[in-house]
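Engineer: One file: structure-v1.cif (mmCIF, C-alpha atoms).
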```cif
data_work
#
loop_
_atom_site.label_atom_id
_atom_site.label_comp_id
_atom_site.auth_asym_id
_atom_site.auth_seq_id
_atom_site.Cartn_x
_atom_site.Cartn_y
_atom_site.Cartn_z
CA MET A 17 -74.02 148.17 69.96
CA GLY A 18 -77.34 149.49 68.81
CA MET A 19 -78.66 152.24 66.58
CA ILE A 20 -79.96 155.46 68.16
CA MET A 21 -83.51 155.96 66.93
CA ILE A 22 -85.92 158.90 67.05
CA ARG A 23 -89.48 159.43 65.90
CA CYS A 24 -90.17 161.67 62.90
CA PRO A 25 -92.55 164.36 64.19
CA GLU A 26 -94.16 164.65 60.75
CA THR A 27 -94.90 160.96 60.06
CA GLY A 28 -94.72 159.47 63.56
CA ARG A 29 -92.44 156.71 62.26
CA ALA A 30 -89.16 155.62 63.82
CA ILE A 31 -86.01 156.70 61.98
CA SER A 32 -82.34 155.94 62.47
CA THR A 33 -79.99 158.72 63.50
CA GLY A 34 -77.08 156.89 61.88
CA ARG A 35 -75.27 156.67 65.21
CA TYR A 36 -74.38 153.47 67.06
CA VAL A 37 -73.92 153.20 70.83
CA ALA A 38 -74.05 150.59 73.57
CA PRO A 39 -77.44 150.78 75.31
CA ALA A 40 -75.85 151.11 78.77
CA THR A 41 -73.62 153.94 77.55
CA PHE A 42 -76.59 155.77 76.03
CA ARG A 43 -78.61 155.48 79.26
CA SER A 44 -75.71 156.88 81.30
CA THR A 45 -74.93 159.89 79.09
CA PRO A 46 -75.91 163.36 80.21
CA VAL A 47 -78.71 165.17 78.44
CA PHE A 48 -77.66 166.21 74.97
CA PHE A 49 -79.16 167.82 71.90
CA SER A 50 -78.64 166.68 68.32
CA ARG A 51 -79.94 166.98 64.76
CA THR A 52 -80.73 164.25 62.23
CA HIS A 53 -81.74 164.51 58.60
CA CYS A 54 -85.00 162.59 58.08
CA PRO A 55 -85.24 160.29 55.05
CA LEU A 56 -89.04 160.29 55.33
CA CYS A 57 -89.91 163.99 55.22
CA HIS A 58 -86.52 165.32 54.05
CA VAL A 59 -86.02 167.90 56.80
CA MET A 60 -83.59 168.21 59.71
CA HIS A 61 -85.13 167.12 63.03
CA GLU A 62 -83.75 168.47 66.30
CA TRP A 63 -83.99 166.15 69.29
CA PHE A 64 -82.90 165.58 72.87
CA ALA A 65 -81.54 162.30 74.24
CA LYS A 66 -84.77 161.83 76.23
CA ASP A 67 -86.64 161.61 72.91
CA ALA A 68 -84.40 158.85 71.53
CA TRP A 69 -83.89 155.16 72.19
CA VAL A 70 -81.35 152.49 71.27
CA CYS A 71 -82.39 149.58 69.09
CA ASP A 72 -80.15 146.60 68.44
CA SER A 73 -82.51 144.57 66.23
CA GLU A 74 -84.40 144.90 62.93
CA HIS A 75 -86.03 148.30 62.25
CA SER A 76 -89.59 146.93 62.45
CA GLU A 77 -88.77 145.39 65.82
CA CYS A 78 -87.32 148.71 66.98
CA GLU A 79 -90.63 150.39 66.29
CA ALA A 80 -92.49 147.75 68.31
CA VAL A 81 -90.04 148.09 71.20
CA ARG A 82 -90.50 151.85 71.29
CA GLU A 83 -94.30 151.53 71.26
CA ARG A 84 -94.12 149.29 74.34
CA GLN A 85 -91.75 151.74 76.09
CA VAL A 86 -94.07 154.71 75.51
CA ALA A 87 -97.26 152.91 76.55
#
```
Could you quickly redo this structure as structure tokens?
Structural biologist:
Amino acid sequence: MGMIMIRCPETGRAISTGRYVAPATFRSTPVFFSRTHCPLCHVMHEWFAKDAWVCDSEHSECEAVRERQVA
């Protein structure tokens, strides 16, 4: 199980959505829309599954993994 992560559009930093899922399950889910309160800028961010990723390691490593996926 890993944490679903998104990027804060205000700070550009990765944040946790507070939801856990198996990576294979997340990749096989249909497109969905969700909202997450951001601890960095204190607003509610709206996001689609395509904008999120699953991280199953330390937060700093999750950020590095996402950077490699985007590049």
Engineer: Run through the PyMOL selection byres ((chain A and resi 40-44) around 9) on the given coordinates and return the selected residues as a PyMOL selection string.
Structural biologist: chain A and resi 20+37-39+45-46+65+69-70
Engineer: Do you have the atom CA of A:Cys71-atom CA of A:Val59 distance handy?
Structural biologist: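 For atom CA of A:Cys71 relative to atom CA of A:Val59, the distance reads 22.4 Å.
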Engineer: Can you tell me how far atom CA of A:Phe64 sits from atom CA of A:Arg23, in Å to one decimal?
Structural biologist: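 Result for atom CA of A:Phe64 versus atom CA of A:Arg23: 11.4 Å, one decimal.
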Engineer: In Å, with one decimal, what is the gap from atom CA of A:Thr33 to atom CA of A:Arg51?
Structural biologist: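 It comes out at 8.4 Å.
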Engineer: Let me have the centre and edge lengths in Å, one decimal, of the box along x, y and z around every listed atom of stretch 25-33 of chain A with 3 Å of margin on each side, as AutoDock Vina command-line options.
Structural biologist:
```
--center_x -87.4 --center_y 160.1 --center_z 62.1 --size_x 20.9 --size_y 15.0 --size_z 10.1
```
Engineer: What does the PyMOL selection byres ((chain A and resi 57) around 12) select in this file, as a VMD selection string?
Structural biologist: chain A and resid 23 to 29 31 52 to 56 58 to 61
Engineer: Can you spell out as a list in words the set of residues that the PyMOL selection byres ((chain A and resi 49) around 6) selects in the structure I just provided?
Structural biologist: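 Answer for the PyMOL selection byres ((chain A and resi 49) around 6): Phe48, Ser50, Trp63 and Phe64 of chain A.
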